[in-house]
Each structure stands twice: as C-alpha cells, then as structure tokens.
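One file, protein-v5.tsv, carrying TSV, C-alpha atoms and all ligand atoms:
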chain	number	residue	atom	x	y	z
A	25	MET	CA	70.63	105.17	123.32
A	26	THR	CA	71.63	102.17	121.14
A	27	ASN	CA	73.31	102.84	117.83
A	28	SER	CA	71.47	102.03	114.61
A	29	ALA	CA	72.76	99.30	112.27
A	30	VAL	CA	74.21	101.86	109.88
A	31	GLU	CA	76.08	103.65	112.69
A	32	ILE	CA	77.57	100.32	113.79
A	33	GLN	CA	78.50	99.64	110.18
A	34	ALA	CA	80.24	103.02	109.95
A	35	SER	CA	82.14	102.60	113.20
A	36	THR	CA	83.47	99.18	112.12
A	37	LEU	CA	83.84	100.06	108.42
A	38	SER	CA	82.06	96.78	107.64
A	39	GLY	CA	80.41	95.82	104.36
A	40	TYR	CA	83.35	97.05	102.24
A	41	SER	CA	83.49	93.87	100.18
A	42	ASP	CA	80.07	94.69	98.65
A	43	ALA	CA	80.37	98.48	98.83
A	44	SER	CA	83.71	98.61	97.02
A	45	LYS	CA	82.15	96.97	93.95
A	46	LEU	CA	80.61	100.38	93.26
A	47	ARG	CA	83.97	102.13	92.92
A	48	GLN	CA	87.29	101.00	94.39
A	49	ALA	CA	87.25	97.33	93.34
A	50	ASN	CA	86.74	98.37	89.72
A	51	ASP	CA	90.30	99.72	89.67
A	52	GLN	CA	91.90	96.39	90.55
A	53	ASP	CA	92.52	94.90	87.09
A	54	TRP	CA	93.45	98.31	85.70
A	55	VAL	CA	96.13	98.68	88.37
A	56	LEU	CA	97.48	95.13	88.24
A	57	ALA	CA	97.82	95.24	84.45
A	58	GLN	CA	100.78	97.56	85.15
A	59	ALA	CA	102.46	95.31	87.72
A	60	PRO	CA	105.75	93.61	86.82
A	61	ALA	CA	105.39	90.15	85.25
A	62	ALA	CA	106.78	88.12	88.17
A	63	PRO	CA	106.94	90.09	91.43
A	64	ARG	CA	108.56	88.45	94.45
A	65	VAL	CA	107.33	90.66	97.31
A	66	HIS	CA	104.21	92.81	97.20
A	67	ALA	CA	103.35	95.43	99.82
A	68	ASP	CA	99.89	97.02	99.75
A	69	LEU	CA	99.54	100.25	101.73
A	70	GLY	CA	96.10	100.83	103.23
A	71	SER	CA	95.33	97.21	102.36
A	72	GLY	CA	91.79	97.29	103.73
A	73	ILE	CA	90.15	93.86	103.71
A	74	GLY	CA	92.95	92.32	101.62
A	75	GLN	CA	91.21	92.24	98.24
A	76	LEU	CA	94.20	93.48	96.24
A	77	LEU	CA	96.60	91.14	98.06
A	78	GLN	CA	94.32	88.22	97.25
A	79	ALA	CA	94.22	89.31	93.61
A	80	THR	CA	98.04	89.41	93.35
A	81	LEU	CA	98.44	86.08	95.15
A	82	GLU	CA	96.09	84.52	92.61
A	83	ARG	CA	97.62	86.27	89.64
A	84	PHE	CA	101.36	85.99	90.37
A	85	PRO	CA	102.57	82.53	91.48
A	86	SER	CA	106.03	84.14	91.71
A	87	LEU	CA	104.99	85.94	94.93
A	88	GLU	CA	106.85	84.68	97.97
A	89	THR	CA	105.43	87.23	100.41
A	90	VAL	CA	102.64	89.80	100.45
A	91	VAL	CA	102.43	92.47	103.12
A	92	GLY	CA	99.36	94.49	104.04
A	93	LEU	CA	99.77	97.66	106.09
A	94	GLU	CA	96.47	98.97	107.41
A	95	GLN	CA	95.22	101.19	110.21
A	96	SER	CA	91.81	99.67	110.96
A	97	THR	CA	91.83	96.59	113.19
A	98	PHE	CA	88.38	95.66	111.86
A	99	ARG	CA	89.73	95.65	108.32
A	100	LEU	CA	92.85	93.75	109.31
A	101	SER	CA	90.82	90.99	110.90
A	102	GLU	CA	88.59	90.71	107.82
A	103	ALA	CA	91.75	90.56	105.69
A	104	ALA	CA	93.20	87.85	107.93
A	105	SER	CA	90.14	85.63	107.33
A	106	ARG	CA	90.15	86.32	103.61
A	107	LEU	CA	93.85	85.49	103.25
A	108	GLN	CA	94.10	82.65	105.76
A	109	ARG	CA	94.38	80.01	103.08
A	110	TYR	CA	97.64	81.52	101.76
A	111	GLY	CA	99.35	80.77	105.09
A	112	GLY	CA	102.85	82.06	105.74
A	113	ARG	CA	103.05	84.00	102.47
A	114	VAL	CA	100.88	86.71	104.06
A	115	LEU	CA	101.99	89.31	106.57
A	116	LEU	CA	99.39	91.76	107.90
A	117	ARG	CA	100.39	94.64	110.12
A	118	GLN	CA	98.61	97.47	111.80
A	119	ALA	CA	100.24	100.68	110.62
A	120	ASP	CA	99.64	104.39	110.46
A	121	LEU	CA	100.84	105.49	107.03
A	122	THR	CA	101.14	109.09	108.21
A	123	ALA	CA	103.99	107.89	110.46
A	124	PRO	CA	105.25	104.80	108.63
A	125	GLU	CA	107.65	102.49	110.40
A	126	PRO	CA	110.53	100.67	108.72
A	127	LEU	CA	109.76	97.31	107.12
A	128	GLU	CA	112.35	94.54	107.07
A	129	LEU	CA	111.50	93.64	103.46
A	130	SER	CA	112.29	95.34	100.17
A	131	PRO	CA	109.21	94.80	97.97
A	132	ASP	CA	109.58	94.88	94.19
A	133	LEU	CA	105.86	95.80	93.95
A	134	ILE	CA	104.19	98.40	96.18
A	135	THR	CA	100.60	99.51	95.68
A	136	MET	CA	98.42	102.12	97.32
A	137	THR	CA	94.90	102.40	95.94
A	138	SER	CA	92.14	104.79	97.07
A	139	VAL	CA	94.06	105.76	100.20
A	140	LEU	CA	96.16	108.85	99.58
A	141	HIS	CA	93.49	111.46	100.47
A	142	TRP	CA	93.48	110.11	104.04
A	143	LEU	CA	97.18	110.94	104.40
A	144	TYR	CA	96.88	114.65	103.58
A	145	PRO	CA	98.73	116.91	104.35
A	146	VAL	CA	101.75	114.67	105.11
A	147	GLU	CA	101.74	112.44	102.03
A	148	GLU	CA	105.45	113.04	101.51
A	149	ARG	CA	106.14	110.76	104.51
A	150	ILE	CA	104.78	107.69	102.75
A	151	PHE	CA	106.38	108.67	99.43
A	152	ASP	CA	109.70	108.93	101.24
A	153	TRP	CA	109.07	105.51	102.84
A	154	VAL	CA	108.32	104.02	99.41
A	155	GLY	CA	111.50	105.58	98.00
A	156	GLN	CA	113.49	103.93	100.80
A	157	HIS	CA	111.83	100.50	100.68
A	158	LEU	CA	111.10	99.83	97.00
A	159	ALA	CA	113.64	97.39	95.52
A	160	PRO	CA	115.85	99.03	92.86
A	161	GLY	CA	113.88	99.06	89.60
A	162	GLY	CA	110.70	97.95	91.42
A	163	THR	CA	107.22	99.28	90.70
A	164	PHE	CA	105.03	101.56	92.82
A	165	LEU	CA	101.41	101.82	91.62
A	166	LEU	CA	99.30	104.58	93.15
A	167	THR	CA	95.72	105.64	92.40
A	168	THR	CA	94.42	109.11	93.21
A	169	TYR	CA	90.88	110.43	92.82
A	170	HIS	CA	90.39	114.00	91.68
A	171	PRO	CA	86.93	115.47	92.40
A	172	ALA	CA	86.30	119.05	91.25
A	173	ARG	CA	86.13	121.45	94.20
A	174	ASP	CA	84.30	124.68	94.87
A	175	GLY	CA	85.64	127.90	96.39
A	176	HIS	CA	85.35	126.37	99.88
A	177	GLY	CA	87.34	123.28	98.91
A	178	LEU	CA	84.26	121.02	98.88
A	179	GLY	CA	83.64	118.50	96.08
A	180	GLY	CA	82.93	114.81	95.43
A	181	GLU	CA	81.50	113.16	98.55
A	182	ASP	CA	81.45	116.53	100.35
A	183	GLU	CA	78.67	117.64	98.00
A	184	LEU	CA	76.43	114.72	98.87
A	185	VAL	CA	77.11	115.38	102.53
A	186	ARG	CA	76.15	119.02	102.02
A	187	GLU	CA	72.86	117.92	100.39
A	188	ALA	CA	72.20	115.61	103.33
A	189	LEU	CA	72.89	118.36	105.86
A	190	VAL	CA	70.54	120.72	104.04
A	191	ALA	CA	67.84	118.02	104.07
A	192	LEU	CA	68.35	117.77	107.85
A	193	GLY	CA	67.71	121.50	108.22
A	194	HIS	CA	71.18	123.09	107.98
A	195	ASP	CA	71.74	126.29	106.06
A	196	ARG	CA	73.59	125.47	102.82
A	197	ALA	CA	75.74	128.58	103.07
A	198	LEU	CA	76.97	127.61	106.53
A	199	VAL	CA	78.06	124.06	105.66
A	200	PRO	CA	81.76	124.97	105.02
A	201	LYS	CA	81.83	126.59	108.49
A	202	LEU	CA	80.30	123.47	109.98
A	203	PHE	CA	83.11	121.37	108.45
A	204	ALA	CA	85.73	123.79	109.78
A	205	GLY	CA	84.13	123.89	113.24
A	206	GLU	CA	84.36	120.09	113.55
A	207	ASP	CA	87.88	120.00	112.10
A	208	ILE	CA	86.68	117.94	109.17
A	209	LEU	CA	88.72	118.61	106.07
A	210	PRO	CA	86.65	118.25	102.89
A	211	ILE	CA	87.73	115.21	100.87
A	212	ALA	CA	88.17	117.43	97.82
A	213	THR	CA	90.68	119.49	99.82
A	214	ARG	CA	92.44	116.35	100.98
A	215	THR	CA	93.13	115.44	97.36
A	216	ARG	CA	95.96	117.49	95.93
A	217	GLY	CA	95.93	118.49	92.28
A	218	THR	CA	97.99	116.36	89.91
A	219	GLU	CA	100.73	119.00	89.51
A	220	GLY	CA	101.24	119.33	93.26
A	221	LEU	CA	101.30	115.56	93.61
A	222	LYS	CA	103.79	115.15	90.78
A	223	GLU	CA	106.14	117.55	92.49
A	224	LEU	CA	105.90	115.64	95.78
A	225	LEU	CA	106.32	112.24	94.14
A	226	GLU	CA	109.34	113.23	92.10
A	227	ARG	CA	111.32	114.01	95.25
A	228	ASP	CA	111.54	110.28	96.00
A	229	LEU	CA	110.55	108.38	92.86
A	230	ARG	CA	110.69	108.40	89.07
A	231	ILE	CA	107.33	108.59	87.28
A	232	VAL	CA	107.27	106.04	84.46
A	233	ALA	CA	103.74	106.71	83.18
A	234	THR	CA	100.36	108.05	84.23
A	235	THR	CA	96.94	107.01	82.95
A	236	GLU	CA	93.59	108.54	83.75
A	237	ARG	CA	90.02	107.38	83.37
A	238	ASP	CA	86.58	108.23	84.76
A	239	ALA	CA	85.31	106.53	87.91
A	240	VAL	CA	81.52	106.50	87.59
A	241	VAL	CA	79.35	105.43	90.52
A	242	ARG	CA	75.79	104.26	89.87
A	243	VAL	CA	73.32	102.80	92.36
A	244	ASP	CA	69.97	101.03	92.28
A	245	SER	CA	68.62	102.54	95.49
A	246	ALA	CA	69.21	105.09	98.24
A	247	ALA	CA	69.98	102.26	100.67
A	248	GLU	CA	72.77	100.97	98.44
A	249	TYR	CA	74.55	104.32	98.57
A	250	GLU	CA	73.88	104.78	102.28
A	251	HIS	CA	75.82	101.55	102.90
A	252	PHE	CA	78.56	102.48	100.44
A	253	HIS	CA	79.05	105.76	102.31
A	254	ALA	CA	79.15	104.06	105.72
A	255	ALA	CA	81.56	101.33	104.55
A	256	THR	CA	83.88	103.77	102.76
A	257	PHE	CA	83.84	106.95	104.81
A	258	GLY	CA	82.88	105.42	108.15
A	259	ASP	CA	81.97	108.06	110.71
A	260	TYR	CA	84.23	110.72	109.19
A	261	TYR	CA	81.33	112.95	108.14
A	262	SER	CA	78.61	111.79	110.51
A	263	ARG	CA	80.45	113.63	113.30
A	264	LEU	CA	79.05	116.78	111.68
A	265	VAL	CA	75.68	116.06	113.29
A	266	GLU	CA	74.67	115.40	116.86
A	267	PRO	CA	74.51	111.71	117.89
A	268	ALA	CA	70.69	111.58	117.85
A	269	LYS	CA	70.65	112.59	114.17
A	270	ARG	CA	73.38	110.31	112.87
A	271	ALA	CA	71.15	107.50	111.59
A	272	ALA	CA	69.06	110.12	109.78
A	273	PHE	CA	72.28	111.62	108.36
A	274	PHE	CA	73.33	108.34	106.70
A	275	GLY	CA	69.80	107.96	105.33
A	276	ALA	CA	69.90	111.51	103.95
A	277	VAL	CA	73.24	110.86	102.20
A	278	GLY	CA	71.64	107.83	100.54
A	279	GLU	CA	68.62	109.89	99.48
A	280	ALA	CA	70.86	112.67	98.08
A	281	ALA	CA	72.78	110.10	96.03
A	282	TRP	CA	69.58	108.49	94.77
A	283	ARG	CA	68.22	111.90	93.64
A	284	ARG	CA	71.45	112.46	91.71
A	285	GLN	CA	71.23	109.01	90.16
A	286	GLN	CA	67.73	109.77	88.91
A	287	GLU	CA	68.63	113.25	87.64
A	288	ARG	CA	72.01	112.50	86.03
A	289	GLY	CA	72.11	108.76	85.44
A	290	HIS	CA	74.97	108.41	87.93
A	291	VAL	CA	75.81	109.53	91.47
A	292	SER	CA	79.33	110.70	90.76
A	293	ASN	CA	81.86	110.81	87.97
A	294	MET	CA	85.40	111.89	88.63
A	295	PRO	CA	88.83	111.29	87.17
A	296	VAL	CA	91.01	108.66	88.77
A	297	ARG	CA	94.71	108.66	87.95
A	298	LEU	CA	97.05	105.69	88.01
A	299	TRP	CA	100.67	106.61	88.63
A	300	ASN	CA	103.26	104.03	87.64
A	301	MET	CA	106.56	104.77	89.36
A	302	THR	CA	109.95	103.28	90.03
A	303	THR	CA	113.06	104.09	92.05
A	304	ARG	CA	115.19	107.09	91.16
A	305	PRO	CA	118.57	106.31	89.62
A	306	ALA	CA	121.22	106.15	92.39
B	401	LIG	C1	88.91	103.49	100.61
B	401	LIG	S1	89.80	102.31	101.54
B	401	LIG	C2	90.80	101.56	100.27
B	401	LIG	C3	91.14	100.13	100.59
B	401	LIG	C4	91.89	99.39	99.49
B	401	LIG	N1	93.22	99.93	99.31
B	401	LIG	C5	91.10	99.45	98.19
B	401	LIG	O1	91.65	99.91	97.18
B	401	LIG	O2	89.96	99.00	98.18
B	401	LIG	C6	91.01	103.30	102.41
B	401	LIG	C7	91.83	102.43	103.38
B	401	LIG	O3	92.90	103.21	103.90
B	401	LIG	C8	93.00	102.94	105.29
B	401	LIG	N2	93.68	104.07	105.92
B	401	LIG	C9	93.22	105.34	106.04
B	401	LIG	N3	94.12	106.11	106.71
B	401	LIG	C10	95.17	105.30	107.01
B	401	LIG	C11	96.39	105.49	107.70
B	401	LIG	N4	96.73	106.68	108.21
B	401	LIG	N5	97.22	104.45	107.84
B	401	LIG	C12	96.89	103.22	107.34
B	401	LIG	N6	95.75	102.98	106.67
B	401	LIG	C13	94.89	103.99	106.51
B	401	LIG	C14	91.55	102.78	105.72
B	401	LIG	O4	91.42	102.13	106.97
B	401	LIG	C15	91.00	101.99	104.56
B	401	LIG	O5	91.13	100.59	104.72
Please go through the file and, once you have read it, give me the structure as structure tokens.
Ligand SMILES: C[S@@+](CC[C@H](N)C(=O)[O-])C[C@H]1O[C@@H](n2cnc3c(N)ncnc32)[C@H](O)[C@@H]1O
Amino acid sequence: MTNSAVEIQASTLSGYSDASKLRQANDQDWVLAQAPAAPRVHADLGSGIGQLLQATLERFPSLETVVGLEQSTFRLSEAASRLQRYGGRVLLRQADLTAPEPLELSPDLITMTSVLHWLYPVEERIFDWVGQHLAPGGTFLLTTYHPARDGHGLGGEDELVREALVALGHDRALVPKLFAGEDILPIATRTRGTEGLKELLERDLRIVATTERDAVVRVDSAAEYEHFHAATFGDYYSRLVEPAKRAAFFGAVGEAAWRRQQERGHVSNMPVRLWNMTTRPA
C-alpha cells in the first residue's frame, strides 16, 4: 500500500516553514528581544529548519558563528539550504539532545525553543550541557509550553488526538490505555510544571527572568490544522492507529481542530514561558 501525502509529510516532518507560522514562529521576536546586544556565537538546540539561526544572523552582525544541533536529517537538510548563503558562519550538526555530545565552542547565546517536551524525562542532561558550554555571563533562552492536563496526564495536542480517535471509533475512556499500550507519552505529561522545571534548571544555571504569555492557535480550515499536526508532531501520534487508518487519523485531527475553532474561536490556547538564564557564579 502506498502512503498518502499527509503520511509522507509526517514521516519527513516537511511543511514546517508554513505550519510553524501558526504557533512556534510567533515566539521568535519575543525570544530574541531578550538576547544580548552583540552575541559572538549562537547555538540553537533543536534548530529545526534553521529559522531562528537565520533570524539571529540577520539581526546580529556581531555573530561570527551559529551552530544548529538537530536530530532530524530532513530538517537539517532544509536548514542547510536556508542558511547556505551565510557560508562558513554556519555549522549544522546532527545531534540527539537526550545524549548531548561536547561542542568545541563556547556560545555566549544558546536558545532552545519549542523542543524541551521531546527531551522528557532526561531534560537535566541538556541543562547540564548548557551549564558546561555557555560562556561565562552568556544567555540561555528557553521556551516551554504548558498545556493543562487531565487525571490521565493528557492535555493540549493529546486532546485533539483523543477527539480524532473517538471519531475513528475508539472508546473515549480507553484512549489513555491506548497511549500506554503503544508507549506514547502524552505531550502534556512530557511537559513538566514550572516549579519542577525551575528546580532542574537551577542545578546548572541562574534564572535571570521569566515571562509568560498565551500561545493561541487559530486556523481557517481543517486541512490547515491537519498539515500543522503532521509537520509538528510527525508520526508520533499516528502510530496509535493501524497503518490502513493513518491517513484518516490525520484528517480526523484536522476535523477535531476545525470543530474547536468554530466552537471557541481558536483551536488551542496555552501558556508559553520564556526563561532567561545565565551561568551560575563560579
Ligand atoms: C517543534 S520543533 C521546534 C523547532 C524550532 N526550535 C522552532 O522553534 O521552531 C522541535 C524540534 O526538536 C527536534 N528534536 C526533537 N527531539 C530531539 C532530540 N532528542 N535531539 C535533537 N533534536 C530533537 C525536532 O526534530 C524538531 O526539529
């Protein structure tokens, strides 16, 4: 059986440039407003298709080198095309941030946006890495999303997925078991609360300031959200259904989001926190 276009999109995480305009890309200026005035070396962790690196290269002529560490080879190759014109100032590396390897540079700006939930439950490894690599007095900017969760640990995107599964004939009450059976941790469980995160972060870094705002996602159609889901979450959730139903699953997620949009005026609304950190005094 050949895969549908949306399944191919999910397996290659493609279309993120458009999809991220709905949520992640909106954080860019908010984050960079807290960057130091003239950074020299910027490392972006989970750098995706290189959008944030491009933004810093354009914004800070002081930058000698930018480094993107990213797991997905598809995303790395899209980033390489996007950043080609900046030549030798750009270093892109495949990396697993749950087992980060030493870097030969000491960046004075490190960012990690919309990534942390994927590193649960070993986030302390990357925080430790940042503590070891950030130049003394440098800045680490981190964004974390905080969806409300129910008694089963489901919330945010998990809820739309639950709606989609119900539309495909699954029993609503059994959805948490379905997640557990496929070893799929709900995203709302993957996101620690702010107190737990603070405790982890303060082992390696000093928190200078935190700011919070609402991230509101709105769409104009079911198809728009279907593609956002595929580009952002890939096949993480679609593994919950058998291969023959996967195209229908993505469609049902889009439909669930569109129903929400019509009922509430938005698909989702959740707090996003920006943590501004620096090195701990020696
Ligand atoms: C939602 S995207 C965010 C991309 C970009 N930082 C942004 O703000 O738009 C999450 C990114 O984290 C990457 N990622 C997830 N787990 C990772 C891991 N263990 N190591 C490295 N990158 C990872 C994904 O491949 C993806 O590009």
Would you mind telling me which residue in A:Gly39, A:Gly161, A:Gly72, A:Gly175 lies nearest to ligand LIG 401 (chain B) when using only C-alpha atoms and all ligand atoms?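 The closest residue to ligand LIG 401 (chain B) is A:Gly72.
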If you count all atoms listed in the file, which residues end up within 10 Å of ligand LIG 401 (chain B), as a ChimeraX atom specification? /A:36-37,40-41,43-45,47-52,55,68-77,92-100,117-124,135-144,146-147,150,166-167,255-258
Kindly indicate which residue among A:Lys269, A:His157, A:Arg83, A:Arg214 lies nearest to Pro145 (chain A), using all atoms listed in the file for the distances.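 Once distances to Pro145 (chain A) are computed over all atoms listed in the file, the minimum belongs to A:Arg214.
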Give me the box for region 40-58 of chain A as JSON, namely the centre and edge lengths in Å to one decimal of a box along x, y and z that holds every listed atom plus 6 Å on each side.
{"center_x": 90.4, "center_y": 98.0, "center_z": 93.3, "size_x": 32.7, "size_y": 20.3, "size_z": 29.8}
Polymer residues at most 12 Å from Glu31 (chain A), only C-alpha atoms, same-chain spacing of 2 or more positions, as a ChimeraX atom specification: /A:26-29,33-38,250-251,253-255,257-263,267-275
Suppose you want the space between CA of Phe252 (chain A) and CA of Tyr110 (chain A); what is it in Å?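 Computed distance, CA of Phe252 (chain A) to CA of Tyr110 (chain A), equals 28.4 Å.
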Work out how far apart CA of Ala79 (chain A) and CA of Val232 (chain A) are and give it in Å to one decimal.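 Between CA of Ala79 (chain A) and CA of Val232 (chain A) the gap is 23.1 Å.
If all atoms listed in the file are the atoms counted, then among A:Val30, A:Leu184, A:Ala104, A:Met301 the closest residue to Gln285 (chain A) is A:Leu184.
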When you count all atoms listed in the file, which of these residues is closest to Asp42 (chain A): A:Glu248, A:Asn300, A:Gly193, A:Ile231?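 For Asp42 (chain A), the nearest of the candidates is A:Glu248.
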Please write as a VMD selection string the list of polymer residues whose atoms come within 10 Å of (88.3, 112.1, 95.6), counting only C-alpha atoms and keeping to the coordinates of the file. chain A and resid 138 to 141 168 to 173 179 to 182 210 to 216 239 294 to 296
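Reported to one decimal place, the separation of CA of Asp53 (chain A) from CA of Gln108 (chain A) is 22.4 Å.
Each of A:Phe203, A:Phe151, A:Trp299, A:Trp282 was checked against Leu229 (chain A) using all atoms listed in the file; the smallest atom-to-atom distance is that of A:Phe151.
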Could you name the residues that touch Ala191 (chain A) at 10 Å or less, counting all atoms listed in the file, but leaving out those on the same chain fewer than 6 positions away, as a ChimeraX atom specification? /A:185,272-273,276-277,279-280
Residue with the minimum atom-to-atom distance to Thr235 (chain A), picked from A:Leu165, A:Gln156, A:Pro85, A:Asn293 with all atoms listed in the file counted, is A:Leu165
Could you extract region 265-284 of chain A of the given structure into a file holding N, CA, C and O atoms, as a short mmCIF file (atom, residue, chain, number, x, y, z; two decimals), in the first residue's frame?
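Result saved to decode.cif:
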data_model
loop_
_atom_site.label_atom_id
_atom_site.label_comp_id
_atom_site.auth_asym_id
_atom_site.auth_seq_id
_atom_site.Cartn_x
_atom_site.Cartn_y
_atom_site.Cartn_z
N VAL A 265 -2.80 4.27 15.60
CA VAL A 265 -3.78 3.56 14.76
C VAL A 265 -3.06 2.66 13.75
O VAL A 265 -1.90 2.89 13.42
N GLU A 266 -3.76 1.68 13.27
CA GLU A 266 -3.15 0.74 12.33
C GLU A 266 -2.84 1.47 11.02
O GLU A 266 -3.51 2.46 10.68
N PRO A 267 -1.81 0.98 10.28
CA PRO A 267 -1.36 1.70 9.08
C PRO A 267 -2.49 2.07 8.12
O PRO A 267 -2.51 3.19 7.59
N ALA A 268 -3.46 1.21 7.93
CA ALA A 268 -4.52 1.49 6.95
C ALA A 268 -5.38 2.69 7.36
O ALA A 268 -6.08 3.27 6.52
N LYS A 269 -5.34 3.05 8.64
CA LYS A 269 -6.21 4.14 9.11
C LYS A 269 -5.45 5.44 9.34
O LYS A 269 -6.01 6.42 9.84
N ARG A 270 -4.17 5.45 9.00
CA ARG A 270 -3.36 6.62 9.37
C ARG A 270 -3.75 7.90 8.60
O ARG A 270 -3.79 8.97 9.20
N ALA A 271 -4.04 7.77 7.32
CA ALA A 271 -4.44 8.96 6.57
C ALA A 271 -5.73 9.52 7.17
O ALA A 271 -5.87 10.74 7.38
N ALA A 272 -6.65 8.61 7.51
CA ALA A 272 -7.92 9.04 8.11
C ALA A 272 -7.66 9.68 9.48
O ALA A 272 -8.34 10.65 9.87
N PHE A 273 -6.67 9.19 10.20
CA PHE A 273 -6.34 9.76 11.51
C PHE A 273 -5.94 11.23 11.37
O PHE A 273 -6.45 12.10 12.09
N PHE A 274 -5.02 11.52 10.43
CA PHE A 274 -4.59 12.92 10.26
C PHE A 274 -5.79 13.80 9.88
O PHE A 274 -5.94 14.91 10.38
N GLY A 275 -6.64 13.26 9.01
CA GLY A 275 -7.84 14.01 8.62
C GLY A 275 -8.73 14.28 9.82
O GLY A 275 -9.26 15.39 9.99
N ALA A 276 -8.86 13.28 10.69
CA ALA A 276 -9.74 13.42 11.86
C ALA A 276 -9.17 14.42 12.87
O ALA A 276 -9.92 15.14 13.54
N VAL A 277 -7.84 14.50 12.97
CA VAL A 277 -7.23 15.52 13.85
C VAL A 277 -7.59 16.92 13.30
O VAL A 277 -7.97 17.82 14.05
N GLY A 278 -7.46 17.07 11.99
CA GLY A 278 -7.82 18.35 11.36
C GLY A 278 -9.28 18.71 11.61
O GLY A 278 -9.60 19.85 11.97
N GLU A 279 -10.15 17.73 11.48
CA GLU A 279 -11.59 17.98 11.69
C GLU A 279 -11.86 18.36 13.16
O GLU A 279 -12.67 19.24 13.44
N ALA A 280 -11.18 17.67 14.09
CA ALA A 280 -11.38 17.96 15.52
C ALA A 280 -10.95 19.40 15.81
O ALA A 280 -11.61 20.14 16.56
N ALA A 281 -9.83 19.81 15.21
CA ALA A 281 -9.33 21.17 15.42
C ALA A 281 -10.31 22.20 14.83
O ALA A 281 -10.58 23.24 15.43
N TRP A 282 -10.83 21.88 13.67
CA TRP A 282 -11.74 22.81 12.99
C TRP A 282 -13.04 22.98 13.79
O TRP A 282 -13.58 24.07 13.91
N ARG A 283 -13.52 21.87 14.37
CA ARG A 283 -14.72 21.96 15.24
C ARG A 283 -14.44 22.90 16.41
O ARG A 283 -15.25 23.76 16.75
N ARG A 284 -13.28 22.74 17.02
CA ARG A 284 -12.89 23.61 18.15
C ARG A 284 -12.84 25.07 17.73
O ARG A 284 -13.26 25.97 18.45
#
